[in-house]
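In what follows, a single structure is set out as C-alpha cells and then discussed.
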Amino acid sequence: MLRLKRIEICGFGPFADEQILELPAGDGVTVVYGENMRGKTSLLNAIRYGFFGIALSRGSRARRLHTITNRDLAAIGEHEFSVTLAFDYDGDEYELVRACRARTKTPTSDDDYEQDVMLRRGSSPLGPQERDLALLQIFPAEVSRFFLFDGELLQEYEELLFNESPAGHKISEAIERILGVPILKRGRTHLVSLSEEADRQAAKEASKVQSTQALGAALEQATAQKDAHQKEVARLQEQLDRLTSDKSDIEQSMQSMQKYSSILEERDEANSKLEELKNDDKARRADLQRAMGDSWRSLLKEPVRAARKAAELDAQRELDAFVTSLRVKAIDTGHCGTCDQDVPEAVSIRLRATIPPDTIATSLAGGVSAAMARLSALGKFGEADNFGEVRQLWKQIQSIAVEQITLRDRVAELGRALADCDPETLRRTKSSYGEVVEKMGIVKNAILEGTKKVDERDKSIQGIKKKLEASGTLDLKASQLRAKVLRDASEVLAAAVERYKKELRSRVEATASKLFLSMTTEKQDYSRLAIGEGYGLTILHRDGRTEEARSAGAEHVVALALMGALQNNAPLRGPIVMDSPFGRLDDDHTSNVIRTLPEMAGQVLLLVYEAEVGKKRVRDILGGRLLREYQLERISARRTKLAEVKRS
Amino acid sequence: MDRDRESIGLTPANQRVLADLEERGWFAEGQDVARFCMAFAIRAKVPEGATQGTETRWAAGNFDKTGEIRTLLAALYPNCSTPVRLMEHLVNEGLQMVAARVASDQVGPAELMD
C-alpha cells in the first residue's frame, strides 16, 4: 500500500519558495483550504508531476513545462522547479525527487527543459532502470485517475455507461488494471502459447515415425501456416489496438478541444465578418469622400437662395423705379419716349395718379443693374443637395464602426479563451481523426481475412490430429496429451478469469452501493447501484427500475462511489487526492461525501475552498478522522504560502 | 484699389486643423476640406475680411478652376474687390469654426451640415 508522508514543492505554480506539506500517519483525512487561484490544482499537479513527470490542465491535456514554472521567478529568469515526495510502500521508505531546469534563458517549449529524477529506497538511491520499474510497480500512471482527480475527471466516469464509447473502454481497461485483471489474462495467453508449442512438438514426433511421417509433415506445415496467420492477425490486432488507442486519444482530445473548436470557428467567423466590415467601411468612406467633395455646394444652397431672393427683389425694385421714371418723363414732356406718341391730358392725369409720392426717378441708362448682375452670378452657382446622402453614409459608417468594435472585442475575448490552444493542432487533430478511422476500417477487414485463414488451418489441423491419434506412437500420444492438458488448462484459466471478473464486479458493486447510499440524499428511494460489463454503474430505484435520468450531482456521487469501491477492492491501494470535488453537489450531498471520505481510502487529501465547505463543518463532520488542516495563504497573485491551521 | 492674391494660404494653426480633418477620412483631399470650411463660414455669415500670416497652400486657379467660387463671392459680397483674398479669409475662418465644432461636440460630417 502506498502512503504519502511529505510533499515538498519549490518553484512550482504559485509555490515560489519551498513549501512543505506533512501528512500525518494513520488513516483519515487531511484538508487543504485555498481560495481560487491560490494553488489547489497546482498542489494536485505537483503530486502528479512528482510521480509521472506530467501536470494536467483543463480537458486532461498535459501542461507544457514552461507554464508550470512560478511566474514571479520566471520573470527574473529562474525557471527551475522541483517536487519531492516522501512515501511508504510495502514496508519500505521512499523519497522521490523530480527536478526540472531550463536549458535556455527563456524556455518556450518542453524541449528547453531537462529533468532529473531520483528515487531513494531507505538510504539507497536506485539506478534508472530499477527506479522506473519500482515506480511502475508502486504507482502505474494508467491508474492515477483513481488516486488523483478533480471534478472534471469525475465527470468522465459517465462514459462507462456507454459500452461502445472508446473513452469508456479506456476507463474500463484502467479499472481492470487497478483490479489486477491483466496479470490473469497474461497467464491465460501464456498457457495458450504453451499448448500451441506442445502441438508443434507432437507434429515433430509424428514426422519421426514412418507410419505417421506424411501426416506429421502435413501437421507441421498446417501448424506453421496457422502460426504465420496468427502472427499476422496478432500484428494486425496490435496495430488495431494502437489505432483504437489513437482514436480514443484523438476523441478525448477533440472532446476537450470541442469547446476550443467552437471558439475557433466563432473566431474565424468573426474575423471574416471583420474583413467584410473593413471592405464595407472602405467603400462607404470612399462614397462619403465623394459626397463631401460636393458638400460645400449643399452648405451654400440656402445662403445662395436667400441671396438670390434678395437680388430678385432688388432687381424688381430697380425695374419699378425705371418704369416710374418713364411715366414721370411722359407727364413732364407730354410725349412718351417708349411709343413715340404724344400723351393726351386725360392720360397724363391718369398716369400722375399712378406715381407714388416721393418718387425718385431712376435711370437705367448705361446697362444692367447691379442686382441683375448679382442675380445672374447667383444663377450660375451649381446648386446641390447631398445632405441626405452624407447623413445616410455617415450613419452607415458609424454603425460599421460600432459593429467592428464589438467584433474586435469578441475576437480578443475568443483569443484569450484560445490562449491555451494551438488552432493548428486543433485543425490537424480533426484531419488525423479521419485518417485513423479509415486505417481502422482497413485493418479490421484484414483481421477478418486473417482470422478466416487461421480457422481454415485450424480445421485441417484438427482433421490431421484425429488421423494421428488413431495411428500414433507412445511418444506422440504423450505429446498430444501434454498439448491437450495445456489447452484445457488455458480454457479453465479463461473461465476463471471471467469468474474472477464477475466476482470483482459484484464486490465493486457491493462496495460502491454501500458508499453511494452513504453519500446520496435519496436513501429512501434508491436501493443500490448495479454494475455493468464495462464497470459502468446505474442507480436502481426501490421499485427495481433503473434511474434513467441522472442529474449532474447524481453522476458525481456515483463516480465518487466507484472511486471508493475500486480503492477498497484493488490489490493496488494508495491515497486519494481530490481537488474541489463538490462543485456539482448541494450542501447535504457535500456533507455526506465528507462523512464518507474515510471509508473511500485509508489516506485522503482533500483540496477545497472554504465557500465550498467551511472549516467548522469539516471538523464537525469528520471529528477525530480529520488528521490535519492546511491553508493556502496569498502572498501575492503569483505567490502562495502553505500554512498549517492550528486548532484551538 | 487693393491688389488681389493669386494663391490661397493657411495660418500655421489652420494647417494643423486641416491635417486633423484630413486624417478623419471624411474628405478625399485638403481642397475639399477647405471648400467645405469656406462654405461653412459663408453660411455662418462671416463678414468680408482678410487673414494675415498665411502660408501658400493652393493656387487660386486650381482651387477654383471654373471661377465659380469667385463669381459667387462677388455676388454674395458685392463690395469685395479682392475675391481670392476673401476666399482665403473664409477658408481660414471656416477651418477655425469647424475645428471648434468638431472638438466641442464630437460631431461627424453629417452633423456639421445641420
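By order of appearance in the C-alpha cells: chains A, B, ..., then residues from 1 within every chain, and ligands from 1 in the order shown.
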Could you write out as a ChimeraX atom specification the residues of chain A within 10 Å of chain B, counting only C-alpha atoms?
/A:285-304,307-308,311,370-371,373-382,386-395,398
Quick one: residues within 9 Å of region 616-626 of chain A, only C-alpha atoms, excluding same-chain residues fewer than 5 positions away - as a compact mmCIF listing (two decimals) with N, CA and C atoms, in the first residue's frame?
```txt
# COMPACT_ATOMS: atom_id res chain seq x y z
N ASP A 27 -4.88 6.45 9.41
CA ASP A 27 -5.97 6.65 8.46
C ASP A 27 -6.75 7.91 8.79
N GLY A 28 -7.21 8.59 7.78
CA GLY A 28 -8.02 9.78 7.99
C GLY A 28 -7.85 10.77 6.86
N VAL A 29 -8.37 11.98 7.10
CA VAL A 29 -8.43 12.98 6.03
C VAL A 29 -7.56 14.19 6.40
N THR A 30 -6.75 14.63 5.46
CA THR A 30 -6.01 15.89 5.60
C THR A 30 -6.66 16.87 4.64
N VAL A 31 -6.97 18.06 5.14
CA VAL A 31 -7.67 19.03 4.29
C VAL A 31 -6.77 20.23 4.02
N SER A 591 -21.97 17.25 2.59
CA SER A 591 -21.74 16.74 3.96
C SER A 591 -21.63 15.22 3.95
N ASN A 592 -22.52 14.58 3.19
CA ASN A 592 -22.50 13.11 3.12
C ASN A 592 -21.18 12.60 2.55
N ILE A 594 -18.26 14.14 2.56
CA ILE A 594 -17.17 14.35 3.54
C ILE A 594 -17.21 13.24 4.59
N ARG A 595 -18.42 12.93 5.03
CA ARG A 595 -18.58 11.90 6.06
C ARG A 595 -18.07 10.54 5.54
N LEU A 597 -15.73 10.08 3.18
CA LEU A 597 -14.33 10.07 2.70
C LEU A 597 -13.44 9.03 3.39
N PRO A 598 -13.49 8.92 4.72
CA PRO A 598 -12.60 7.95 5.37
C PRO A 598 -12.89 6.50 4.96
```
For a quick check of understanding, using only C-alpha atoms, which of A:Ala234, A:Ala611, A:Leu215, A:Val402 has the smallest distance to Ile447 (chain A)?
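Ranked by minimum distance to Ile447 (chain A), first place goes to A:Ala234.
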List the spatial neighbours of Ala59 (chain B) as a PyMOL selection string - criterion: any atom at most 9 Å away, only C-alpha atoms, same-chain residues fewer than 4 positions off excluded.
chain B and resi 6-9+63-64
Give me, as a PyMOL selection string, the residues of region 1-69 of chain B that a backbone DSSP run labels helix (DSSP H, G or I).
chain B and resi 12-23+30-43+60-63+68-69
Give me the residues near region 34-39 of chain A as JSON, numbers by chain, where near means some atom within 10 Å (using only C-alpha atoms) and where sequence neighbours in that chain fewer than 6 positions away do not count.
{"A": [12, 13, 14, 15, 45, 46, 580, 607, 608, 609, 610, 611, 612, 630, 631, 632, 633, 634, 635, 636, 637, 638, 639, 640, 641, 642]}
Please give the complete set of residues from chain B that DSSP, run on the backbone, assigns to strand (DSSP E), formatted as a JSON list (two decimals) with C-alpha atoms, in the first residue's frame.
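That gives us states_3.json:
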```
[["chain", "number", "residue", "atom", "x", "y", "z"],
["B", 7, "SER", "CA", -2.95, 81.82, -54.12],
["B", 8, "ILE", "CA", -4.74, 80.66, -51.04],
["B", 9, "GLY", "CA", -2.80, 80.13, -47.84],
["B", 10, "LEU", "CA", -3.45, 78.93, -44.34],
["B", 55, "GLU", "CA", 1.43, 80.30, -45.93],
["B", 56, "THR", "CA", 0.57, 79.45, -49.51],
["B", 57, "ARG", "CA", -1.23, 76.20, -49.92],
["B", 58, "TRP", "CA", -3.08, 76.18, -53.24],
["B", 59, "ALA", "CA", -3.04, 78.23, -56.43]]
```
